[in-house]
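Peer 1: One file: coords-v9.cif (mmCIF, C-alpha atoms (C1' of nucleotides)).
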data_input
loop_
_atom_site.group_PDB
_atom_site.id
_atom_site.type_symbol
_atom_site.label_atom_id
_atom_site.label_comp_id
_atom_site.auth_asym_id
_atom_site.auth_seq_id
_atom_site.Cartn_x
_atom_site.Cartn_y
_atom_site.Cartn_z
ATOM 1 C CA MET Z 204 -142.618 72.352 -90.316
ATOM 2 C CA PRO Z 205 -143.925 75.646 -91.495
ATOM 3 C CA VAL Z 206 -143.674 76.167 -95.163
ATOM 4 C CA LYS Z 207 -142.949 79.785 -95.511
ATOM 5 C CA LYS Z 208 -142.953 81.711 -98.633
ATOM 6 C CA ALA Z 209 -141.476 79.566 -101.314
ATOM 7 C CA LYS Z 210 -139.239 82.483 -101.863
ATOM 8 C CA THR Z 211 -136.757 82.165 -99.084
ATOM 9 C CA LEU Z 212 -137.364 78.841 -97.560
ATOM 10 C CA LYS Z 213 -134.187 77.289 -98.798
ATOM 11 C CA PRO Z 214 -130.660 78.578 -98.803
ATOM 12 C CA THR Z 215 -130.589 82.185 -97.923
ATOM 13 C CA SER Z 216 -128.519 83.474 -100.717
ATOM 14 C CA ASP Z 217 -130.188 82.598 -103.955
ATOM 15 C CA ALA Z 218 -133.745 83.785 -103.711
ATOM 16 C CA VAL Z 219 -133.107 87.027 -101.936
ATOM 17 C CA GLU Z 220 -130.218 87.806 -104.156
ATOM 18 C CA ILE Z 221 -132.119 87.286 -107.318
ATOM 19 C CA LEU Z 222 -134.998 89.364 -106.128
ATOM 20 C CA HIS Z 223 -132.733 92.198 -105.267
ATOM 21 C CA ARG Z 224 -130.769 92.013 -108.429
ATOM 22 C CA ARG Z 225 -133.964 92.339 -110.335
ATOM 23 C CA SER Z 226 -135.045 95.372 -108.354
ATOM 24 C CA TYR Z 227 -131.832 97.203 -107.845
ATOM 25 C CA GLU Z 228 -129.680 96.169 -110.673
ATOM 26 C CA GLY Z 229 -126.164 97.475 -110.638
ATOM 27 C CA LYS Z 230 -126.542 99.920 -107.798
ATOM 28 C CA PRO Z 231 -123.688 99.704 -105.321
ATOM 29 C CA ALA Z 232 -125.615 101.799 -102.853
ATOM 30 C CA ARG Z 233 -128.216 99.084 -102.749
ATOM 31 C CA LEU Z 234 -125.660 96.446 -102.040
ATOM 32 C CA LYS Z 235 -125.941 97.204 -98.393
ATOM 33 C CA ASN Z 236 -129.644 96.530 -98.586
ATOM 34 C CA LEU Z 237 -128.858 93.092 -99.811
ATOM 35 C CA GLU Z 238 -126.857 92.423 -96.709
ATOM 36 C CA ASP Z 239 -129.658 93.787 -94.601
ATOM 37 C CA ALA Z 240 -132.145 91.544 -96.334
ATOM 38 C CA ARG Z 241 -129.997 88.568 -95.587
ATOM 39 C CA ALA Z 242 -129.630 89.626 -91.978
ATOM 40 C CA ASN Z 243 -133.379 90.060 -91.644
ATOM 41 C CA ASP Z 244 -133.870 86.648 -93.102
ATOM 42 C CA GLU Z 245 -131.525 85.230 -90.530
ATOM 43 C CA ILE Z 246 -133.397 86.925 -87.723
ATOM 44 C CA ALA Z 247 -136.714 85.611 -88.980
ATOM 45 C CA ARG Z 248 -135.294 82.155 -89.256
ATOM 46 C CA LYS Z 249 -133.752 82.311 -85.826
ATOM 47 C CA ILE Z 250 -136.999 83.371 -84.201
ATOM 48 C CA HIS Z 251 -138.775 80.544 -85.905
ATOM 49 C CA GLU Z 252 -136.091 78.129 -84.830
ATOM 50 C CA MET Z 253 -136.186 79.245 -81.215
ATOM 51 C CA ARG Z 254 -139.963 79.140 -81.066
ATOM 52 C CA THR Z 255 -140.219 75.639 -82.471
ATOM 53 C CA ALA Z 256 -137.323 74.501 -80.303
ATOM 54 C CA ALA Z 257 -139.401 75.646 -77.347
ATOM 55 C CA ALA Z 258 -142.340 73.696 -78.738
ATOM 56 C CA LEU Z 259 -144.539 76.748 -78.939
ATOM 57 C CA THR Z 260 -147.104 77.734 -81.531
ATOM 58 C CA GLN Z 261 -147.194 81.264 -82.826
ATOM 59 C CA THR Z 262 -150.285 81.868 -80.741
ATOM 60 C CA GLN Z 263 -148.591 80.615 -77.608
ATOM 61 C CA LEU Z 264 -145.501 82.701 -78.101
ATOM 62 C CA ALA Z 265 -147.697 85.671 -78.918
ATOM 63 C CA LYS Z 266 -149.466 85.382 -75.598
ATOM 64 C CA LEU Z 267 -146.172 85.142 -73.784
ATOM 65 C CA ILE Z 268 -145.115 88.518 -75.062
ATOM 66 C CA GLY Z 269 -148.566 90.049 -75.038
ATOM 67 C CA THR Z 270 -149.434 90.178 -78.690
ATOM 68 C CA THR Z 271 -151.116 88.081 -81.352
ATOM 69 C CA ALA Z 272 -150.107 85.310 -83.695
ATOM 70 C CA SER Z 273 -150.149 87.512 -86.746
ATOM 71 C CA VAL Z 274 -147.426 89.613 -85.198
ATOM 72 C CA ILE Z 275 -145.262 86.571 -84.614
ATOM 73 C CA CYS Z 276 -145.892 85.454 -88.139
ATOM 74 C CA ARG Z 277 -144.739 88.835 -89.349
ATOM 75 C CA LEU Z 278 -141.545 88.541 -87.344
ATOM 76 C CA GLU Z 279 -140.843 85.173 -88.884
ATOM 77 C CA ASP Z 280 -141.339 86.511 -92.366
ATOM 78 C CA ALA Z 281 -137.963 86.691 -94.031
ATOM 79 C CA ASP Z 282 -138.977 89.820 -95.892
ATOM 80 C CA TYR Z 283 -139.889 91.763 -92.798
ATOM 81 C CA GLU Z 284 -137.635 94.742 -92.340
ATOM 82 C CA GLY Z 285 -139.113 96.480 -89.347
ATOM 83 C CA HIS Z 286 -137.302 94.687 -86.593
ATOM 84 C CA SER Z 287 -136.898 96.764 -83.494
ATOM 85 C CA LEU Z 288 -134.639 95.944 -80.627
ATOM 86 C CA ALA Z 289 -137.586 96.160 -78.284
ATOM 87 C CA MET Z 290 -139.523 93.482 -80.118
ATOM 88 C CA LEU Z 291 -136.529 91.212 -80.501
ATOM 89 C CA ARG Z 292 -135.963 91.473 -76.785
ATOM 90 C CA ARG Z 293 -139.546 90.641 -76.006
ATOM 91 C CA VAL Z 294 -139.328 87.513 -78.102
ATOM 92 C CA ALA Z 295 -135.931 86.572 -76.785
ATOM 93 C CA GLY Z 296 -137.033 87.133 -73.212
ATOM 94 C CA ALA Z 297 -140.001 84.831 -73.575
ATOM 95 C CA LEU Z 298 -137.658 82.164 -74.861
ATOM 96 C CA ASN Z 299 -135.079 82.707 -72.159
ATOM 97 C CA GLN Z 300 -132.575 84.372 -74.360
ATOM 98 C CA ARG Z 301 -130.986 87.754 -74.528
ATOM 99 C CA VAL Z 302 -130.218 89.855 -77.575
ATOM 100 C CA GLU Z 303 -126.628 90.736 -78.153
ATOM 101 C CA ILE Z 304 -125.711 93.577 -80.486
ATOM 102 C CA ARG Z 305 -122.273 93.806 -81.944
ATOM 103 C CA PHE Z 306 -120.692 96.224 -84.331
ATOM 104 C CA ILE Z 307 -118.170 94.471 -86.507
ATOM 105 C CA PRO Z 308 -115.731 96.291 -88.781
ATOM 106 C CA ILE Z 309 -116.135 95.579 -92.442
ATOM 107 C CA ARG Z 310 -112.973 94.942 -94.324
ATOM 108 C CA ARG Z 311 -113.333 95.285 -97.985
ATOM 109 C CA SER Z 312 -110.915 93.421 -100.110
ATOM 110 C CA ALA Z 313 -109.647 95.901 -102.629
ATOM 111 C CA MET T 20 -136.104 112.374 -73.838
ATOM 112 C CA PRO T 21 -138.927 109.928 -73.591
ATOM 113 C CA VAL T 22 -139.771 108.652 -70.171
ATOM 114 C CA LYS T 23 -139.580 104.935 -69.721
ATOM 115 C CA LYS T 24 -142.947 103.284 -69.662
ATOM 116 C CA ALA T 25 -143.795 100.114 -67.861
ATOM 117 C CA LYS T 26 -145.320 97.531 -70.067
ATOM 118 C CA THR T 27 -148.622 96.184 -68.897
ATOM 119 C CA LEU T 28 -148.589 92.460 -68.737
ATOM 120 C CA LYS T 29 -151.722 90.630 -69.629
ATOM 121 C CA PRO T 30 -153.435 88.421 -67.081
ATOM 122 C CA THR T 31 -152.299 84.875 -66.916
ATOM 123 C CA SER T 32 -154.870 82.296 -67.809
ATOM 124 C CA ASP T 33 -153.084 79.726 -69.797
ATOM 125 C CA ALA T 34 -151.033 76.643 -69.335
ATOM 126 C CA VAL T 35 -148.521 78.222 -71.601
ATOM 127 C CA GLU T 36 -148.095 81.115 -69.281
ATOM 128 C CA ILE T 37 -147.552 78.764 -66.437
ATOM 129 C CA LEU T 38 -144.738 77.289 -68.431
ATOM 130 C CA HIS T 39 -143.459 80.749 -68.888
ATOM 131 C CA ARG T 40 -143.567 81.484 -65.208
ATOM 132 C CA ARG T 41 -141.721 78.334 -64.446
ATOM 133 C CA SER T 42 -138.914 79.414 -66.703
ATOM 134 C CA TYR T 43 -138.857 82.831 -65.188
ATOM 135 C CA GLU T 44 -139.041 81.960 -61.560
ATOM 136 C CA GLY T 45 -137.027 84.243 -59.433
ATOM 137 C CA LYS T 46 -136.583 86.728 -62.206
ATOM 138 C CA PRO T 47 -139.063 89.573 -62.132
ATOM 139 C CA ALA T 48 -139.785 91.556 -65.211
ATOM 140 C CA ARG T 49 -138.143 94.657 -63.882
ATOM 141 C CA LEU T 50 -134.870 92.848 -63.751
ATOM 142 C CA LYS T 51 -135.104 92.291 -67.436
ATOM 143 C CA ASN T 52 -135.804 95.958 -67.930
ATOM 144 C CA LEU T 53 -132.632 96.726 -66.104
ATOM 145 C CA GLU T 54 -130.741 94.519 -68.462
ATOM 146 C CA ASP T 55 -132.348 96.266 -71.412
ATOM 147 C CA ALA T 56 -131.466 99.629 -69.974
ATOM 148 C CA ARG T 57 -127.895 98.585 -69.625
ATOM 149 C CA ALA T 58 -127.864 97.179 -73.132
ATOM 150 C CA ASN T 59 -129.219 100.448 -74.481
ATOM 151 C CA ASP T 60 -126.561 102.288 -72.576
ATOM 152 C CA GLU T 61 -123.936 100.101 -74.175
ATOM 153 C CA ILE T 62 -125.304 100.767 -77.634
ATOM 154 C CA ALA T 63 -125.321 104.490 -77.040
ATOM 155 C CA ARG T 64 -121.788 104.356 -75.748
ATOM 156 C CA LYS T 65 -120.642 102.230 -78.631
ATOM 157 C CA ILE T 66 -122.072 104.600 -81.210
ATOM 158 C CA HIS T 67 -120.376 107.488 -79.508
ATOM 159 C CA GLU T 68 -117.149 105.550 -79.371
ATOM 160 C CA MET T 69 -117.244 104.593 -83.025
ATOM 161 C CA ARG T 70 -118.122 108.105 -84.117
ATOM 162 C CA THR T 71 -115.328 109.723 -82.183
ATOM 163 C CA ALA T 72 -112.938 107.003 -83.241
ATOM 164 C CA ALA T 73 -113.759 107.983 -86.811
ATOM 165 C CA ALA T 74 -113.088 111.610 -85.895
ATOM 166 C CA LEU T 75 -116.554 112.725 -86.861
ATOM 167 C CA THR T 76 -118.839 115.285 -85.276
ATOM 168 C CA GLN T 77 -122.488 114.471 -84.765
ATOM 169 C CA THR T 78 -123.312 116.761 -87.652
ATOM 170 C CA GLN T 79 -120.857 115.004 -89.916
ATOM 171 C CA LEU T 80 -122.109 111.551 -89.077
ATOM 172 C CA ALA T 81 -125.675 112.784 -89.445
ATOM 173 C CA LYS T 82 -124.994 113.921 -92.979
ATOM 174 C CA LEU T 83 -123.415 110.597 -93.806
ATOM 175 C CA ILE T 84 -126.603 108.774 -93.000
ATOM 176 C CA GLY T 85 -128.932 111.498 -94.202
ATOM 177 C CA THR T 86 -130.245 112.967 -90.992
ATOM 178 C CA THR T 87 -129.437 115.671 -88.482
ATOM 179 C CA ALA T 88 -127.220 116.036 -85.462
ATOM 180 C CA SER T 89 -130.078 115.948 -83.020
ATOM 181 C CA VAL T 90 -130.910 112.451 -84.191
ATOM 182 C CA ILE T 91 -127.353 111.301 -83.579
ATOM 183 C CA CYS T 92 -127.423 112.893 -80.185
ATOM 184 C CA ARG T 93 -130.573 110.972 -79.412
ATOM 185 C CA LEU T 94 -128.900 107.727 -80.416
ATOM 186 C CA GLU T 95 -125.997 108.452 -78.127
ATOM 187 C CA ASP T 96 -128.313 109.110 -75.227
ATOM 188 C CA ALA T 97 -127.961 106.223 -72.807
ATOM 189 C CA ASP T 98 -131.626 106.433 -71.875
ATOM 190 C CA TYR T 99 -132.869 106.131 -75.421
ATOM 191 C CA GLU T 100 -134.939 103.005 -75.900
ATOM 192 C CA GLY T 101 -136.108 103.344 -79.449
ATOM 193 C CA HIS T 102 -133.241 101.699 -81.228
ATOM 194 C CA SER T 103 -134.267 100.071 -84.458
ATOM 195 C CA LEU T 104 -132.168 97.696 -86.425
ATOM 196 C CA ALA T 105 -132.553 99.922 -89.453
ATOM 197 C CA MET T 106 -131.058 102.924 -87.692
ATOM 198 C CA LEU T 107 -128.252 100.957 -86.135
ATOM 199 C CA ARG T 108 -127.376 99.645 -89.560
ATOM 200 C CA ARG T 109 -127.363 103.100 -91.058
ATOM 201 C CA VAL T 110 -124.952 104.294 -88.431
ATOM 202 C CA ALA T 111 -122.829 101.176 -88.633
ATOM 203 C CA GLY T 112 -122.721 101.366 -92.410
ATOM 204 C CA ALA T 113 -121.476 104.935 -92.373
ATOM 205 C CA LEU T 114 -118.698 103.840 -90.066
ATOM 206 C CA ASN T 115 -117.809 100.765 -92.084
ATOM 207 C CA GLN T 116 -119.262 98.331 -89.665
ATOM 208 C CA ARG T 117 -122.014 95.795 -89.732
ATOM 209 C CA VAL T 118 -124.537 94.991 -87.037
ATOM 210 C CA GLU T 119 -124.551 91.480 -85.737
ATOM 211 C CA ILE T 120 -127.530 90.176 -83.814
ATOM 212 C CA ARG T 121 -127.212 87.151 -81.631
ATOM 213 C CA PHE T 122 -129.639 85.370 -79.388
ATOM 214 C CA ILE T 123 -127.890 83.997 -76.364
ATOM 215 C CA PRO T 124 -129.482 81.594 -73.902
ATOM 216 C CA ILE T 125 -129.858 82.966 -70.436
ATOM 217 C CA ARG T 126 -128.189 80.740 -67.927
ATOM 218 C CA ARG T 127 -129.594 80.758 -64.465
ATOM 219 C CA SER T 128 -127.410 79.834 -61.553
ATOM 220 C CA ALA T 129 -129.139 76.501 -61.151
ATOM 221 C "C1'" DC A 268 -164.955 64.165 -96.793
ATOM 222 C "C1'" DA A 269 -165.322 67.119 -92.252
ATOM 223 C "C1'" DG A 270 -163.046 68.904 -88.289
ATOM 224 C "C1'" DT A 271 -159.159 70.874 -85.897
ATOM 225 C "C1'" DC A 272 -154.942 73.140 -85.255
ATOM 226 C "C1'" DT A 273 -151.604 76.066 -87.229
ATOM 227 C "C1'" DA A 274 -149.783 79.478 -90.175
ATOM 228 C "C1'" DT A 275 -150.258 83.359 -93.331
ATOM 229 C "C1'" DT A 276 -152.129 87.569 -95.199
ATOM 230 C "C1'" DC A 277 -154.856 91.798 -95.128
ATOM 231 C "C1'" DG A 278 -156.650 96.122 -93.375
ATOM 232 C "C1'" DC A 279 -156.733 99.785 -90.281
ATOM 233 C "C1'" DA A 280 -156.157 102.064 -85.630
ATOM 234 C "C1'" DA A 281 -152.871 102.941 -82.005
ATOM 235 C "C1'" DT A 282 -148.396 103.720 -80.761
ATOM 236 C "C1'" DA A 283 -143.504 104.617 -81.489
ATOM 237 C "C1'" DT A 284 -139.594 106.256 -84.051
ATOM 238 C "C1'" DT A 285 -137.545 109.391 -87.192
ATOM 239 C "C1'" DG A 286 -136.890 114.048 -89.482
ATOM 240 C "C1'" DC A 287 -135.662 118.466 -88.643
ATOM 241 C "C1'" DG A 288 -135.307 123.179 -87.248
ATOM 242 C "C1'" DA A 289 -134.341 126.110 -83.441
ATOM 243 C "C1'" DA A 290 -132.688 127.360 -79.057
ATOM 244 C "C1'" DA A 291 -129.936 126.564 -75.072
ATOM 245 C "C1'" DA A 292 -126.064 124.441 -72.920
ATOM 246 C "C1'" DT A 293 -121.279 122.840 -73.057
ATOM 247 C "C1'" DG A 294 -116.380 122.914 -74.257
ATOM 248 C "C1'" DC A 295 -112.283 124.876 -75.833
ATOM 249 C "C1'" DA A 296 -109.014 128.178 -77.365
ATOM 250 C "C1'" DA A 297 -107.522 132.964 -78.131
ATOM 251 C "C1'" DT G 76 -114.202 137.535 -70.969
ATOM 252 C "C1'" DT G 77 -115.426 136.649 -76.363
ATOM 253 C "C1'" DG G 78 -115.970 133.709 -80.211
ATOM 254 C "C1'" DC G 79 -116.851 129.469 -82.408
ATOM 255 C "C1'" DA G 80 -117.776 124.605 -82.851
ATOM 256 C "C1'" DT G 81 -120.182 121.038 -80.809
ATOM 257 C "C1'" DT G 82 -123.571 118.896 -78.159
ATOM 258 C "C1'" DT G 83 -127.988 118.642 -76.002
ATOM 259 C "C1'" DT G 84 -132.856 119.504 -75.531
ATOM 260 C "C1'" DC G 85 -137.435 120.701 -77.221
ATOM 261 C "C1'" DG G 86 -141.471 120.610 -80.219
ATOM 262 C "C1'" DC G 87 -144.129 118.816 -83.797
ATOM 263 C "C1'" DA G 88 -144.902 116.692 -88.478
ATOM 264 C "C1'" DA G 89 -143.845 112.654 -91.201
ATOM 265 C "C1'" DT G 90 -143.014 108.010 -91.333
ATOM 266 C "C1'" DA G 91 -142.735 103.317 -89.551
ATOM 267 C "C1'" DT G 92 -143.888 99.672 -86.414
ATOM 268 C "C1'" DT G 93 -147.073 97.381 -83.536
ATOM 269 C "C1'" DG G 94 -151.832 95.674 -82.084
ATOM 270 C "C1'" DC G 95 -155.451 93.004 -83.402
ATOM 271 C "C1'" DG G 96 -159.350 90.903 -85.571
ATOM 272 C "C1'" DA G 97 -160.896 88.349 -89.498
ATOM 273 C "C1'" DA G 98 -160.400 85.756 -93.487
ATOM 274 C "C1'" DT G 99 -157.720 82.440 -96.105
ATOM 275 C "C1'" DA G 100 -154.583 78.674 -96.786
ATOM 276 C "C1'" DG G 101 -152.065 74.605 -95.309
ATOM 277 C "C1'" DA G 102 -151.312 70.339 -92.701
ATOM 278 C "C1'" DC G 103 -152.839 66.531 -90.182
ATOM 279 C "C1'" DT G 104 -156.138 63.110 -88.271
ATOM 280 C "C1'" DG G 105 -160.266 60.383 -87.994
#
What does the file become when written as structure tokens?

Peer 2:
Amino acid sequence: MPVKKAKTLKPTSDAVEILHRRSYEGKPARLKNLEDARANDEIARKIHEMRTAAALTQTQLAKLIGTTASVICRLEDADYEGHSLAMLRRVAGALNQRVEIRFIPIRRSA
Amino acid sequence: MPVKKAKTLKPTSDAVEILHRRSYEGKPARLKNLEDARANDEIARKIHEMRTAAALTQTQLAKLIGTTASVICRLEDADYEGHSLAMLRRVAGALNQRVEIRFIPIRRSA
DNA sequence: CAGTCTATTCGCAATATTGCGAAAATGCAA
DNA sequence: TTGCATTTTCGCAATATTGCGAATAGACTG
């Protein structure tokens, strides 16, 4: 079990939220960034989950998609924000998955 | 518009890659590219659909996310491959939507 | 303890995406 | 047709992501 940064290893909400509140206190425009951070965390976690479920090391997965372990590590970092569809697809493809993108309407409660 | 480039696969010399091949038997890489192309086309179409549904011109949407019309046009180009999560989120956010990413197992017909 | 495998971080080059203006093409209505 | 808004394409600079080695840290076993 990989111990990631102590920061976001546990429940998604707390750590990220606190960090962001400290940085962008009281800015509604930054609220969206909070959601993005959480989404990125989920992606990182999912990649890690899929890789370990396939019983692959970072180095092994890296070779499958033609890159190095450090790149995989970066993808599994909850704080990484540079996810591209191309990279997600490469990872997903190596793990026999496909990436589905959906746009979902946000309803804001008054 | 950028021309699609074929990715150069590295030579196979590992047991891991053999595993990979086993999981990919009967499914050449170019087939996956076709799926990606279609997925990109869907994204482009969806952005166009959401923008027009919101009764916005490319210029108007561009201003909402702090860029120019040519960028929006590029996003709505079915052949565009450079989609990043960050950009998709900017567009989605301006249209009151959120981007959902899902990894879905590929099911082969036995 | 040493040794091995794995994961993480850092630094920089290579590559890709974005920013943005301008021009050309398209569409539509008078 | 003209006129006007909109879309599309082009070119290049600015920015961001990826590629990759090397060093460090962590975990596990003998």

Peer 1: Within 10 Å of chain Z, which residues of chain G are there when counting all atoms listed in the file? Please give them as an MDAnalysis selection string.

Peer 2: chainID G and resid 91:96 101:102

Peer 1: For this structure, which residues satisfy the selection - the PyMOL selection byres ((chain T and resi 120) around 7) - when it is evaluated on the file as given? I want them as a list of chain:residue names.

Peer 2: Z:Val302, Z:Glu303, Z:Ile304, Z:Arg305, T:Val118, T:Glu119, T:Arg121, T:Phe122

Peer 1: Care to translate the PyMOL selection byres ((chain A and resi 288) around 10) into actual residues of this file, as a ChimeraX atom specification?

Peer 2: /T:87,89 /A:286-287,289-290 /G:86

Peer 1: So how many Å separate CA of Ala247 in chain Z and C1' of DA89 in chain G, to one decimal?

Peer 2: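 CA of Ala247 in chain Z sits 28.1 Å away from C1' of DA89 in chain G.
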
Peer 1: Select from chain A every residue with an atom at most 12 Å from any atom of chain Z, then for each give the shortest pair of atoms and their distance in Å to one decimal, using all atoms listed in the file, rows by chain and rising number, as CSV.

Peer 2:
residue,atom,partner,partner_atom,distance
A:DC272,C1',Z:Thr260,CA,9.8
A:DT273,C1',Z:Thr260,CA,7.4
A:DA274,C1',Z:Pro205,CA,7.1
A:DT275,C1',Z:Cys276,CA,7.1
A:DT276,C1',Z:Ser273,CA,8.7
A:DC277,C1',Z:Ser273,CA,10.5
A:DA283,C1',Z:Ser287,CA,10.5
A:DT284,C1',Z:Ser287,CA,9.9

Peer 1: Residues picked by the PyMOL selection byres ((chain A and resi 293) around 7) here, as a list in words?

Peer 2: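 Selection result, ordered by chain and number: DA292 and DG294 of chain A; DT82 of chain G.
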
Peer 1: Mind giving me the straight-line distance from CA of Arg248 in chain Z to CA of Gln263 in chain Z in Å, one decimal?

Peer 2: 17.7 Å

Peer 1: Identify the residues within 10 Å of coordinate (-164.8, 63.3, -90.1) (same frame as the file), considering all atoms listed in the file, and give the answer as a VMD selection string.

Peer 2: (chain A and resid 268 to 270) or (chain G and resid 104 to 105)

Peer 1: Could you tell me how far CA of Ala73 in chain T sits from CA of Ala242 in chain Z, in Å to one decimal place?

Peer 2: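 Distance between the two atoms: 24.8 Å.
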
Peer 1: Have a look at T:Ile91, T:Leu114, T:Ala97, T:Leu53 and name the one nearest to chain Z; count all atoms listed in the file.

Peer 2: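 Comparing T:Ile91, T:Leu114, T:Ala97, T:Leu53 against chain Z, the winner is T:Leu114.
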
Peer 1: Using only the atoms of range 245-256 of chain Z listed in the file, plus 6 Å on each side, state the axis-aligned box centre and edge lengths in Å rounded to one decimal, as lines of an AutoDock Vina configuration file.

Peer 2:
center_x = -135.9
center_y = 80.7
center_z = -85.4
size_x = 20.7
size_y = 24.4
size_z = 22.2

Peer 1: Between Z:Ile268, Z:Leu259, Z:Ile250, Z:Leu278, which residue has the minimum interatomic distance to Gly296 in chain Z, considering all atoms listed in the file?

Peer 2: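 Of all the options, Z:Ile268 lies closest to Gly296 in chain Z.
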
Peer 1: List the neighbours of DC295 in chain A out to 12 Å using only C-alpha atoms (C1' of nucleotides); skip same-chain residues closer than 4 positions along the sequence, and give me the result as a PyMOL selection string.

Peer 2: chain G and resi 78-81

Peer 1: Limited to C-alpha atoms (C1' of nucleotides), could you put the picked residues into a file as a tab-separated table (two decimals), in the frame of the given file?

Peer 2:
chain	number	residue	atom	x	y	z
G	78	DG	C1'	-115.97	133.71	-80.21
G	79	DC	C1'	-116.85	129.47	-82.41
G	80	DA	C1'	-117.78	124.60	-82.85
G	81	DT	C1'	-120.18	121.04	-80.81

Peer 1: For chain T, which residue out of Z:Arg241, Z:Arg311, Z:Arg301, Z:His251 is the nearest one, using only C-alpha atoms?

Peer 2: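 Nearest to chain T: Z:Arg301.
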